[in-house]
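J.: My questions all concern the structure below.
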Amino acid sequence: MAYTRKNVSALTKAERRRLVGAFLEIKRTGEYDEFVRMHIDHYVSDGDGGLRAAHMAPSFLPWHRRFLLELERALRRVDSGVSVPYWDWTKDRTPAAPLWGEDLLGGNGRRSDRQVTTGPFAYRHKKWVVKESMTDGEYLMRDLGRPHDPLALPTADELARALKDPVYDTAPWDSTSSRGFRNELEGWGTGQGNDAWRNHNRVHRWVGGHMLGGASVNDPVFWLHHSFVDLLWTRWQKRHQGARYLPASPPELGDPQRGRVVARHEEMPPWGVPPDELEDHSRIYRYV
């Protein structure tokens, strides 16, 4: 039977406590840090050589769906009643939103060093020590809203423009694709400063701290964010019945994207599963 993923704002006190407990347990065993390493290893950008599976590519959505499923399976081995809730950042738009509460994710980082000092993931508890990162600090960092250079979370109207696009993705299948739902949702735009970050990407920028870059998995909010991104892919599929993952076949010989993107039936590393096997999640979980 399919289990459910709920809006984080609808979680009961008991559900919040169980979710936090499962996160802390897989962190204690070292399993959580394996997810951090995996994301760092697969964060390949346009300017890097080799296959792009996790970002700046069509497989952004199925890759993170499988990644989220693997994390959720780890949590559910600790507590079978736990699933990853989603954060609707078009509605819960401020640091005062329930997900940043003392009993869930904790709040913003302090001004001096952006260290998160509240909630169960605060460094002072010694239960959430950052071990895999691009910096040397051991504490979780956030900079909600970036007060020094204010940035607002994406609006419902901005998200609606992405959901309206009937095509999944388009050539050149990277961060410069000017059309296609995938890149409009992932959020690689044009322009200067904050204007260049849209939807998914802007949320990472808004949270700041560890949510910037490949080590973003260090912040548990990563999963709530990507649970919502995953829900948005589901909504897009329902709105555009019959629309499929693209490209359906690999780029042709001579195309600079050949060997750099995953086609519909090609295997995604590190799991060896193709995107088409992840287009339907209805037998595993559903959103409520």
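Ordering of the structure tokens sets the chain letters (A, B, ...), residue numbers begin anew at 1 in every chain, and ligands are numbered from 1 in the order given.
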Near Ala160 in chain A, counting only C-alpha atoms, which residues have an atom at most 10 Å away, once you skip same-chain residues fewer than 4 positions from it, shown as a PyMOL selection string?

T.: chain A and resi 155-156+164-165+185+236

J.: Using only C-alpha atoms, which residues sit within 12 Å of Glu132 in chain A once same-chain residues fewer than 4 positions away are excluded, as an mmCIF file with N, CA, C and O atoms, in the first residue's frame?

T.:
```cif
data_model
loop_
_atom_site.group_PDB
_atom_site.id
_atom_site.type_symbol
_atom_site.label_atom_id
_atom_site.label_comp_id
_atom_site.auth_asym_id
_atom_site.auth_seq_id
_atom_site.Cartn_x
_atom_site.Cartn_y
_atom_site.Cartn_z
ATOM 1 N N LYS A 27 21.798 9.871 11.199
ATOM 2 C CA LYS A 27 23.009 10.688 11.333
ATOM 3 C C LYS A 27 23.975 10.015 12.310
ATOM 4 O O LYS A 27 25.191 9.937 12.053
ATOM 5 N N GLY A 30 25.949 7.211 10.773
ATOM 6 C CA GLY A 30 26.821 7.571 9.655
ATOM 7 C C GLY A 30 26.169 7.431 8.301
ATOM 8 O O GLY A 30 26.734 7.847 7.289
ATOM 9 N N GLU A 31 24.958 6.857 8.270
ATOM 10 C CA GLU A 31 24.284 6.663 6.985
ATOM 11 C C GLU A 31 23.935 7.992 6.331
ATOM 12 O O GLU A 31 24.016 8.138 5.104
ATOM 13 N N TYR A 32 23.571 8.979 7.138
ATOM 14 C CA TYR A 32 23.180 10.270 6.568
ATOM 15 C C TYR A 32 24.321 10.900 5.784
ATOM 16 O O TYR A 32 24.111 11.469 4.704
ATOM 17 N N ASP A 33 25.535 10.805 6.301
ATOM 18 C CA ASP A 33 26.667 11.433 5.628
ATOM 19 C C ASP A 33 26.968 10.790 4.278
ATOM 20 O O ASP A 33 27.577 11.420 3.412
ATOM 21 N N GLU A 34 26.530 9.560 4.091
ATOM 22 C CA GLU A 34 26.677 8.925 2.782
ATOM 23 C C GLU A 34 25.815 9.633 1.741
ATOM 24 O O GLU A 34 26.213 9.759 0.574
ATOM 25 N N PHE A 35 24.648 10.112 2.152
ATOM 26 C CA PHE A 35 23.799 10.877 1.240
ATOM 27 C C PHE A 35 24.450 12.216 0.886
ATOM 28 O O PHE A 35 24.370 12.671 -0.256
ATOM 29 N N VAL A 36 25.076 12.837 1.860
ATOM 30 C CA VAL A 36 25.771 14.105 1.594
ATOM 31 C C VAL A 36 26.877 13.884 0.568
ATOM 32 O O VAL A 36 27.001 14.640 -0.405
ATOM 33 N N ARG A 37 27.673 12.838 0.770
ATOM 34 C CA ARG A 37 28.769 12.542 -0.167
ATOM 35 C C ARG A 37 28.243 12.246 -1.567
ATOM 36 O O ARG A 37 28.832 12.671 -2.563
ATOM 37 N N MET A 38 27.151 11.514 -1.639
ATOM 38 C CA MET A 38 26.590 11.158 -2.935
ATOM 39 C C MET A 38 26.182 12.406 -3.724
ATOM 40 O O MET A 38 26.451 12.531 -4.918
ATOM 41 N N HIS A 39 25.552 13.349 -3.036
ATOM 42 C CA HIS A 39 25.116 14.562 -3.724
ATOM 43 C C HIS A 39 26.314 15.400 -4.161
ATOM 44 O O HIS A 39 26.326 15.940 -5.277
ATOM 45 N N ILE A 40 27.323 15.493 -3.312
ATOM 46 C CA ILE A 40 28.535 16.222 -3.691
ATOM 47 C C ILE A 40 29.170 15.585 -4.931
ATOM 48 O O ILE A 40 29.564 16.266 -5.878
ATOM 49 N N ASP A 41 29.252 14.255 -4.927
ATOM 50 C CA ASP A 41 29.888 13.538 -6.040
ATOM 51 C C ASP A 41 29.151 13.712 -7.356
ATOM 52 O O ASP A 41 29.769 13.683 -8.433
ATOM 53 N N TRP A 128 24.305 16.650 15.489
ATOM 54 C CA TRP A 128 24.283 16.979 14.053
ATOM 55 C C TRP A 128 25.575 17.725 13.725
ATOM 56 O O TRP A 128 25.617 18.939 13.622
ATOM 57 N N ASP A 136 35.287 23.966 6.419
ATOM 58 C CA ASP A 136 35.843 23.243 7.561
ATOM 59 C C ASP A 136 34.930 23.245 8.786
ATOM 60 O O ASP A 136 35.193 22.529 9.742
ATOM 61 N N GLY A 137 33.892 24.064 8.774
ATOM 62 C CA GLY A 137 33.038 24.170 9.951
ATOM 63 C C GLY A 137 32.263 22.894 10.234
ATOM 64 O O GLY A 137 31.858 22.175 9.319
ATOM 65 N N GLU A 138 32.056 22.606 11.515
ATOM 66 C CA GLU A 138 31.324 21.405 11.916
ATOM 67 C C GLU A 138 29.868 21.683 12.238
ATOM 68 O O GLU A 138 29.114 20.756 12.523
ATOM 69 N N TYR A 139 29.458 22.944 12.213
ATOM 70 C CA TYR A 139 28.092 23.280 12.588
ATOM 71 C C TYR A 139 27.258 23.632 11.352
ATOM 72 O O TYR A 139 27.760 24.104 10.335
ATOM 73 N N LEU A 140 25.953 23.351 11.444
ATOM 74 C CA LEU A 140 25.001 23.672 10.389
ATOM 75 C C LEU A 140 24.839 25.187 10.291
ATOM 76 O O LEU A 140 24.741 25.878 11.308
ATOM 77 N N HIS A 210 24.589 26.144 4.386
ATOM 78 C CA HIS A 210 24.931 24.880 3.742
ATOM 79 C C HIS A 210 24.045 24.561 2.538
ATOM 80 O O HIS A 210 24.400 23.686 1.738
ATOM 81 N N GLY A 214 26.919 21.929 -3.566
ATOM 82 C CA GLY A 214 26.781 20.485 -3.561
ATOM 83 C C GLY A 214 26.583 19.865 -2.199
ATOM 84 O O GLY A 214 26.051 18.753 -2.086
ATOM 85 N N ALA A 215 27.010 20.547 -1.135
ATOM 86 C CA ALA A 215 26.876 20.006 0.218
ATOM 87 C C ALA A 215 25.549 20.384 0.870
ATOM 88 O O ALA A 215 25.403 20.279 2.089
ATOM 89 N N SER A 216 24.567 20.805 0.086
ATOM 90 C CA SER A 216 23.292 21.286 0.613
ATOM 91 C C SER A 216 22.540 20.239 1.425
ATOM 92 O O SER A 216 21.697 20.581 2.254
ATOM 93 N N VAL A 217 22.848 18.964 1.203
ATOM 94 C CA VAL A 217 22.156 17.896 1.922
ATOM 95 C C VAL A 217 22.446 17.958 3.426
ATOM 96 O O VAL A 217 21.703 17.383 4.225
ATOM 97 N N ASN A 218 23.488 18.660 3.839
ATOM 98 C CA ASN A 218 23.776 18.799 5.269
ATOM 99 C C ASN A 218 22.630 19.436 6.035
ATOM 100 O O ASN A 218 22.501 19.224 7.239
ATOM 101 N N ASP A 219 21.805 20.225 5.356
ATOM 102 C CA ASP A 219 20.656 20.832 6.014
ATOM 103 C C ASP A 219 19.429 19.947 5.759
ATOM 104 O O ASP A 219 19.036 19.748 4.608
#
```

J.: Could you work out how far CA of His148 in chain A lies from CA of Trp100 in chain A, giving the answer in Å with one decimal?

T.: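 If I compute the distance from CA of Trp100 in chain A to CA of His148 in chain A, I get 20.2 Å.
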
J.: Applying 9 Å and only C-alpha atoms, which residues near range 69-75 of chain A remain after dropping the ones on its own chain fewer than 4 positions away? List them as a PDB file with C-alpha atoms, in the first residue's frame.

T.:
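And here's part.pdb as it stands now:
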```pdb
ATOM      1  CA  LEU A  19      10.673  12.633  11.912  1.00  0.00           C
ATOM      2  CA  ALA A  22      14.637   9.233  12.523  1.00  0.00           C
ATOM      3  CA  PHE A  23      16.927  11.904  11.049  1.00  0.00           C
ATOM      4  CA  GLU A  25      19.356   8.193  14.214  1.00  0.00           C
ATOM      5  CA  ILE A  26      20.618   7.824  10.630  1.00  0.00           C
ATOM      6  CA  GLU A  31      24.284   6.663   6.985  1.00  0.00           C
ATOM      7  CA  TYR A  32      23.180  10.270   6.568  1.00  0.00           C
ATOM      8  CA  PHE A  35      23.799  10.877   1.240  1.00  0.00           C
ATOM      9  CA  HIS A  64      16.287  13.593  -6.967  1.00  0.00           C
ATOM     10  CA  ARG A  65      13.130  11.457  -6.816  1.00  0.00           C
ATOM     11  CA  ASP A  79      10.482   4.293  12.045  1.00  0.00           C
ATOM     12  CA  SER A  80       8.086   2.794   9.499  1.00  0.00           C
ATOM     13  CA  VAL A  82       7.848   8.328   8.939  1.00  0.00           C
ATOM     14  CA  SER A  83       7.807   9.920   5.476  1.00  0.00           C
ATOM     15  CA  VAL A  84       9.366  13.123   4.157  1.00  0.00           C
ATOM     16  CA  TRP A 223      14.610  16.969   1.765  1.00  0.00           C
TER      17      TRP A 223
END
```

J.: Pick the closest to Gly272 in chain A from A:Glu186, A:Arg52, A:Arg66, A:Tyr86: which is it, counting only C-alpha atoms?

T.: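 Of A:Glu186, A:Arg52, A:Arg66, A:Tyr86, the one nearest Gly272 in chain A, counting only C-alpha atoms, is A:Arg66.
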
J.: So how many Å separate CA of Arg283 in chain A and CA of Lys238 in chain A, to one decimal?

T.: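 Taking CA of Arg283 in chain A as the start and CA of Lys238 in chain A as the end point, the length is 15.8 Å.
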
J.: Give me, please, the distance in Å between CA of Trp89 in chain A and CA of Thr135 in chain A, quoted to one decimal.

T.: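 For CA of Trp89 in chain A relative to CA of Thr135 in chain A, the distance reads 27.1 Å.
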
J.: Nearest to Ala54 in chain A among A:Met268, A:Ala152, A:Ala263, A:Leu68, with distances taken over only C-alpha atoms: which residue is it?

T.: A:Met268

J.: Which residue gives the smallest distance to Asn199 in chain A among A:Tyr285, A:Leu104, A:Asp88, A:Glu15, with only C-alpha atoms counted?

T.: A:Asp88

J.: Ranking A:Arg146, A:Arg16, A:Arg5, A:Arg286 by minimum distance to His204 in chain A and counting only C-alpha atoms, which one comes first?

T.: A:Arg146

J.: Extract the full set of strand (DSSP E or B) residues from range 18-160 of chain A according to DSSP on the backbone, and format it as JSON, numbers by chain.

T.: {"A": [86, 109, 115, 116, 141]}

J.: Which of range 19-266 of chain A end up as helix (DSSP H, G or I) when DSSP is run on this backbone - answer as a tab-separated table (two decimals) with N, CA and C atoms, in the first residue's frame?

T.:
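Once written, result31.tsv looks like this:
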```
chain	number	residue	atom	x	y	z
A	19	LEU	N	9.85	12.29	13.07
A	19	LEU	CA	10.67	12.63	11.91
A	19	LEU	C	12.07	13.06	12.37
A	20	VAL	N	12.12	13.95	13.32
A	20	VAL	CA	13.41	14.40	13.85
A	20	VAL	C	14.19	13.23	14.41
A	21	GLY	N	13.53	12.36	15.15
A	21	GLY	CA	14.20	11.21	15.73
A	21	GLY	C	14.81	10.30	14.70
A	22	ALA	N	14.10	10.09	13.59
A	22	ALA	CA	14.64	9.23	12.52
A	22	ALA	C	15.84	9.89	11.85
A	23	PHE	N	15.78	11.19	11.63
A	23	PHE	CA	16.93	11.90	11.05
A	23	PHE	C	18.15	11.78	11.96
A	24	LEU	N	17.96	12.01	13.24
A	24	LEU	CA	19.08	11.97	14.17
A	24	LEU	C	19.68	10.56	14.26
A	25	GLU	N	18.84	9.55	14.12
A	25	GLU	CA	19.36	8.19	14.21
A	25	GLU	C	20.22	7.84	13.01
A	26	ILE	N	19.79	8.17	11.79
A	26	ILE	CA	20.62	7.82	10.63
A	26	ILE	C	21.85	8.72	10.55
A	27	LYS	N	21.80	9.87	11.20
A	27	LYS	CA	23.01	10.69	11.33
A	27	LYS	C	23.97	10.02	12.31
A	28	ARG	N	23.45	9.49	13.41
A	28	ARG	CA	24.28	8.84	14.41
A	28	ARG	C	25.02	7.64	13.83
A	31	GLU	N	24.96	6.86	8.27
A	31	GLU	CA	24.28	6.66	6.98
A	31	GLU	C	23.93	7.99	6.33
A	32	TYR	N	23.57	8.98	7.14
A	32	TYR	CA	23.18	10.27	6.57
A	32	TYR	C	24.32	10.90	5.78
A	33	ASP	N	25.54	10.81	6.30
A	33	ASP	CA	26.67	11.43	5.63
A	33	ASP	C	26.97	10.79	4.28
A	34	GLU	N	26.53	9.56	4.09
A	34	GLU	CA	26.68	8.92	2.78
A	34	GLU	C	25.82	9.63	1.74
A	35	PHE	N	24.65	10.11	2.15
A	35	PHE	CA	23.80	10.88	1.24
A	35	PHE	C	24.45	12.22	0.89
A	36	VAL	N	25.08	12.84	1.86
A	36	VAL	CA	25.77	14.10	1.59
A	36	VAL	C	26.88	13.88	0.57
A	37	ARG	N	27.67	12.84	0.77
A	37	ARG	CA	28.77	12.54	-0.17
A	37	ARG	C	28.24	12.25	-1.57
A	38	MET	N	27.15	11.51	-1.64
A	38	MET	CA	26.59	11.16	-2.93
A	38	MET	C	26.18	12.41	-3.72
A	39	HIS	N	25.55	13.35	-3.04
A	39	HIS	CA	25.12	14.56	-3.72
A	39	HIS	C	26.31	15.40	-4.16
A	40	ILE	N	27.32	15.49	-3.31
A	40	ILE	CA	28.53	16.22	-3.69
A	40	ILE	C	29.17	15.59	-4.93
A	41	ASP	N	29.25	14.26	-4.93
A	41	ASP	CA	29.89	13.54	-6.04
A	41	ASP	C	29.15	13.71	-7.36
A	42	HIS	N	27.83	13.88	-7.30
A	42	HIS	CA	27.04	13.95	-8.53
A	42	HIS	C	26.62	15.38	-8.89
A	60	PHE	N	17.48	15.87	-13.60
A	60	PHE	CA	17.36	16.56	-12.32
A	60	PHE	C	16.18	16.03	-11.50
A	61	LEU	N	15.02	15.88	-12.13
A	61	LEU	CA	13.83	15.46	-11.39
A	61	LEU	C	13.83	13.97	-11.04
A	62	PRO	N	14.04	13.05	-11.99
A	62	PRO	CA	14.08	11.64	-11.58
A	62	PRO	C	15.26	11.30	-10.67
A	63	TRP	N	16.40	11.97	-10.86
A	63	TRP	CA	17.55	11.69	-9.99
A	63	TRP	C	17.20	12.03	-8.54
A	64	HIS	N	16.62	13.20	-8.33
A	64	HIS	CA	16.29	13.59	-6.97
A	64	HIS	C	15.09	12.81	-6.43
A	65	ARG	N	14.21	12.33	-7.29
A	65	ARG	CA	13.13	11.46	-6.82
A	65	ARG	C	13.72	10.18	-6.23
A	66	ARG	N	14.66	9.57	-6.94
A	66	ARG	CA	15.27	8.35	-6.42
A	66	ARG	C	16.11	8.64	-5.17
A	67	PHE	N	16.81	9.75	-5.18
A	67	PHE	CA	17.62	10.15	-4.03
A	67	PHE	C	16.73	10.31	-2.80
A	68	LEU	N	15.62	10.97	-2.97
A	68	LEU	CA	14.66	11.18	-1.88
A	68	LEU	C	14.08	9.86	-1.40
A	69	LEU	N	13.80	8.97	-2.33
A	69	LEU	CA	13.28	7.65	-1.95
A	69	LEU	C	14.29	6.87	-1.11
A	70	GLU	N	15.55	6.94	-1.49
A	70	GLU	CA	16.59	6.24	-0.74
A	70	GLU	C	16.69	6.79	0.68
A	71	LEU	N	16.64	8.10	0.81
A	71	LEU	CA	16.68	8.71	2.14
A	71	LEU	C	15.45	8.30	2.93
A	72	GLU	N	14.30	8.34	2.30
A	72	GLU	CA	13.06	7.99	2.99
A	72	GLU	C	13.07	6.53	3.45
A	73	ARG	N	13.64	5.65	2.64
A	73	ARG	CA	13.74	4.24	3.04
A	73	ARG	C	14.64	4.09	4.27
A	74	ALA	N	15.69	4.90	4.31
A	74	ALA	CA	16.57	4.86	5.48
A	74	ALA	C	15.82	5.32	6.73
A	75	LEU	N	15.04	6.39	6.60
A	75	LEU	CA	14.26	6.89	7.73
A	75	LEU	C	13.23	5.86	8.18
A	76	ARG	N	12.60	5.21	7.21
A	76	ARG	CA	11.52	4.27	7.52
A	76	ARG	C	12.05	2.95	8.09
A	77	ARG	N	13.32	2.67	7.89
A	77	ARG	CA	13.92	1.52	8.58
A	77	ARG	C	14.06	1.80	10.07
A	78	VAL	N	14.17	3.07	10.40
A	78	VAL	CA	14.20	3.47	11.82
A	78	VAL	C	12.79	3.52	12.38
A	98	PRO	N	6.15	27.45	10.50
A	98	PRO	CA	6.25	26.34	11.45
A	98	PRO	C	7.45	25.42	11.26
A	99	LEU	N	7.89	25.21	10.03
A	99	LEU	CA	8.99	24.27	9.82
A	99	LEU	C	10.28	24.72	10.50
A	100	TRP	N	10.41	26.03	10.76
A	100	TRP	CA	11.62	26.54	11.40
A	100	TRP	C	11.49	26.56	12.92
A	123	TYR	N	24.34	22.70	16.75
A	123	TYR	CA	25.65	22.08	17.02
A	123	TYR	C	25.86	21.79	18.50
A	124	ARG	N	25.28	22.60	19.35
A	124	ARG	CA	25.52	22.45	20.79
A	124	ARG	C	25.03	21.10	21.33
A	125	HIS	N	24.11	20.45	20.62
A	125	HIS	CA	23.63	19.14	21.07
A	125	HIS	C	24.58	18.01	20.68
A	156	ALA	N	3.75	32.03	-6.02
A	156	ALA	CA	2.87	31.10	-6.73
A	156	ALA	C	2.79	31.44	-8.20
A	157	ASP	N	2.81	32.72	-8.54
A	157	ASP	CA	2.75	33.13	-9.95
A	157	ASP	C	4.01	32.71	-10.70
A	158	GLU	N	5.16	32.85	-10.06
A	158	GLU	CA	6.41	32.44	-10.70
A	158	GLU	C	6.42	30.93	-10.95
A	159	LEU	N	5.92	30.19	-10.00
A	159	LEU	CA	5.85	28.74	-10.13
A	159	LEU	C	4.85	28.34	-11.21
A	160	ALA	N	3.74	29.07	-11.30
A	160	ALA	CA	2.71	28.76	-12.28
A	160	ALA	C	3.24	28.86	-13.71
A	161	ARG	N	4.18	29.77	-13.94
A	161	ARG	CA	4.75	29.90	-15.28
A	161	ARG	C	5.51	28.65	-15.67
A	162	ALA	N	6.19	28.05	-14.71
A	162	ALA	CA	6.91	26.80	-15.00
A	162	ALA	C	5.93	25.66	-15.25
A	163	LEU	N	4.91	25.56	-14.42
A	163	LEU	CA	3.95	24.47	-14.56
A	163	LEU	C	3.15	24.55	-15.86
A	164	LYS	N	3.08	25.73	-16.43
A	164	LYS	CA	2.31	25.93	-17.66
A	164	LYS	C	3.01	25.37	-18.89
A	181	PHE	N	9.81	22.60	-18.83
A	181	PHE	CA	9.44	22.61	-17.42
A	181	PHE	C	10.64	22.35	-16.51
A	182	ARG	N	11.50	21.40	-16.89
A	182	ARG	CA	12.61	21.04	-16.01
A	182	ARG	C	13.48	22.23	-15.63
A	183	ASN	N	13.97	22.97	-16.62
A	183	ASN	CA	14.86	24.08	-16.27
A	183	ASN	C	14.11	25.24	-15.66
A	184	GLU	N	12.85	25.44	-16.04
A	184	GLU	CA	12.08	26.52	-15.42
A	184	GLU	C	11.86	26.22	-13.93
A	185	LEU	N	11.70	24.94	-13.60
A	185	LEU	CA	11.55	24.58	-12.20
A	185	LEU	C	12.89	24.55	-11.48
A	186	GLU	N	13.90	23.96	-12.12
A	186	GLU	CA	15.22	23.93	-11.49
A	186	GLU	C	15.72	25.34	-11.24
A	193	GLY	N	22.61	39.03	-10.45
A	193	GLY	CA	22.22	38.94	-9.05
A	193	GLY	C	21.08	37.98	-8.81
A	194	ASN	N	20.16	38.39	-7.95
A	194	ASN	CA	19.07	37.52	-7.53
A	194	ASN	C	18.13	37.15	-8.67
A	195	ASP	N	18.09	37.96	-9.73
A	195	ASP	CA	17.22	37.66	-10.87
A	195	ASP	C	17.61	36.37	-11.58
A	196	ALA	N	18.85	35.95	-11.41
A	196	ALA	CA	19.33	34.75	-12.10
A	196	ALA	C	18.88	33.46	-11.41
A	199	ASN	N	12.72	29.70	-8.77
A	199	ASN	CA	12.08	28.51	-8.22
A	199	ASN	C	13.02	27.68	-7.33
A	200	HIS	N	13.31	26.43	-7.70
A	200	HIS	CA	14.14	25.55	-6.87
A	200	HIS	C	15.45	26.22	-6.45
A	201	ASN	N	16.16	26.80	-7.40
A	201	ASN	CA	17.46	27.40	-7.09
A	201	ASN	C	17.33	28.56	-6.11
A	202	ARG	N	16.28	29.35	-6.26
A	202	ARG	CA	16.14	30.50	-5.38
A	202	ARG	C	15.87	30.08	-3.94
A	203	VAL	N	15.18	28.96	-3.76
A	203	VAL	CA	14.94	28.46	-2.41
A	203	VAL	C	16.27	28.10	-1.74
A	204	HIS	N	17.15	27.44	-2.48
A	204	HIS	CA	18.47	27.15	-1.93
A	204	HIS	C	19.19	28.43	-1.53
A	205	ARG	N	19.10	29.44	-2.38
A	205	ARG	CA	19.76	30.72	-2.08
A	205	ARG	C	19.12	31.40	-0.87
A	206	TRP	N	17.80	31.32	-0.76
A	206	TRP	CA	17.08	31.96	0.34
A	206	TRP	C	17.48	31.36	1.67
A	207	VAL	N	17.60	30.04	1.74
A	207	VAL	CA	18.01	29.39	2.99
A	207	VAL	C	19.47	29.73	3.30
A	209	GLY	N	23.66	29.44	3.74
A	209	GLY	CA	24.48	28.54	4.54
A	209	GLY	C	24.83	27.29	3.78
A	210	HIS	N	24.59	26.14	4.39
A	210	HIS	CA	24.93	24.88	3.74
A	210	HIS	C	24.04	24.56	2.54
A	211	MET	N	22.93	25.24	2.40
A	211	MET	CA	22.06	24.97	1.25
A	211	MET	C	22.63	25.53	-0.05
A	216	SER	N	24.57	20.80	0.09
A	216	SER	CA	23.29	21.29	0.61
A	216	SER	C	22.54	20.24	1.43
A	217	VAL	N	22.85	18.96	1.20
A	217	VAL	CA	22.16	17.90	1.92
A	217	VAL	C	22.45	17.96	3.43
A	218	ASN	N	23.49	18.66	3.84
A	218	ASN	CA	23.78	18.80	5.27
A	218	ASN	C	22.63	19.44	6.03
A	221	VAL	N	16.47	20.55	5.73
A	221	VAL	CA	15.42	21.20	4.93
A	221	VAL	C	15.56	20.85	3.45
A	222	PHE	N	16.74	20.41	3.03
A	222	PHE	CA	16.95	19.96	1.65
A	222	PHE	C	15.86	18.98	1.24
A	223	TRP	N	15.55	18.04	2.12
A	223	TRP	CA	14.61	16.97	1.77
A	223	TRP	C	13.18	17.48	1.69
A	224	LEU	N	12.82	18.40	2.57
A	224	LEU	CA	11.47	18.96	2.54
A	224	LEU	C	11.29	19.82	1.29
A	225	HIS	N	12.35	20.52	0.92
A	225	HIS	CA	12.34	21.31	-0.31
A	225	HIS	C	12.17	20.41	-1.52
A	226	HIS	N	12.94	19.33	-1.58
A	226	HIS	CA	12.87	18.45	-2.75
A	226	HIS	C	11.62	17.58	-2.75
A	227	SER	N	11.02	17.38	-1.62
A	227	SER	CA	9.72	16.70	-1.60
A	227	SER	C	8.69	17.57	-2.31
A	228	PHE	N	8.75	18.88	-2.10
A	228	PHE	CA	7.83	19.78	-2.81
A	228	PHE	C	8.17	19.84	-4.29
A	229	VAL	N	9.45	19.89	-4.64
A	229	VAL	CA	9.85	19.86	-6.05
A	229	VAL	C	9.31	18.59	-6.72
A	230	ASP	N	9.39	17.48	-6.01
A	230	ASP	CA	8.88	16.22	-6.53
A	230	ASP	C	7.36	16.28	-6.72
A	231	LEU	N	6.66	16.86	-5.77
A	231	LEU	CA	5.22	17.05	-5.90
A	231	LEU	C	4.89	17.91	-7.11
A	232	LEU	N	5.69	18.93	-7.37
A	232	LEU	CA	5.44	19.80	-8.52
A	232	LEU	C	5.59	19.05	-9.84
A	233	TRP	N	6.52	18.12	-9.91
A	233	TRP	CA	6.64	17.28	-11.10
A	233	TRP	C	5.36	16.46	-11.27
A	234	THR	N	4.82	15.93	-10.19
A	234	THR	CA	3.57	15.17	-10.24
A	234	THR	C	2.42	16.05	-10.72
A	235	ARG	N	2.35	17.27	-10.22
A	235	ARG	CA	1.29	18.20	-10.66
A	235	ARG	C	1.43	18.53	-12.13
A	236	TRP	N	2.66	18.71	-12.58
A	236	TRP	CA	2.90	19.01	-14.00
A	236	TRP	C	2.44	17.84	-14.86
A	237	GLN	N	2.72	16.61	-14.46
A	237	GLN	CA	2.30	15.43	-15.21
A	237	GLN	C	0.79	15.34	-15.31
A	238	LYS	N	0.10	15.64	-14.22
A	238	LYS	CA	-1.36	15.59	-14.24
A	238	LYS	C	-1.94	16.68	-15.14
A	239	ARG	N	-1.28	17.81	-15.16
A	239	ARG	CA	-1.76	18.92	-15.99
A	239	ARG	C	-1.51	18.67	-17.46
```

J.: Rank nothing, just name the residue among A:Ala10, A:Leu51, A:Met56, A:Val44 nearest to Ser175 in chain A, using only C-alpha atoms.

T.: A:Met56
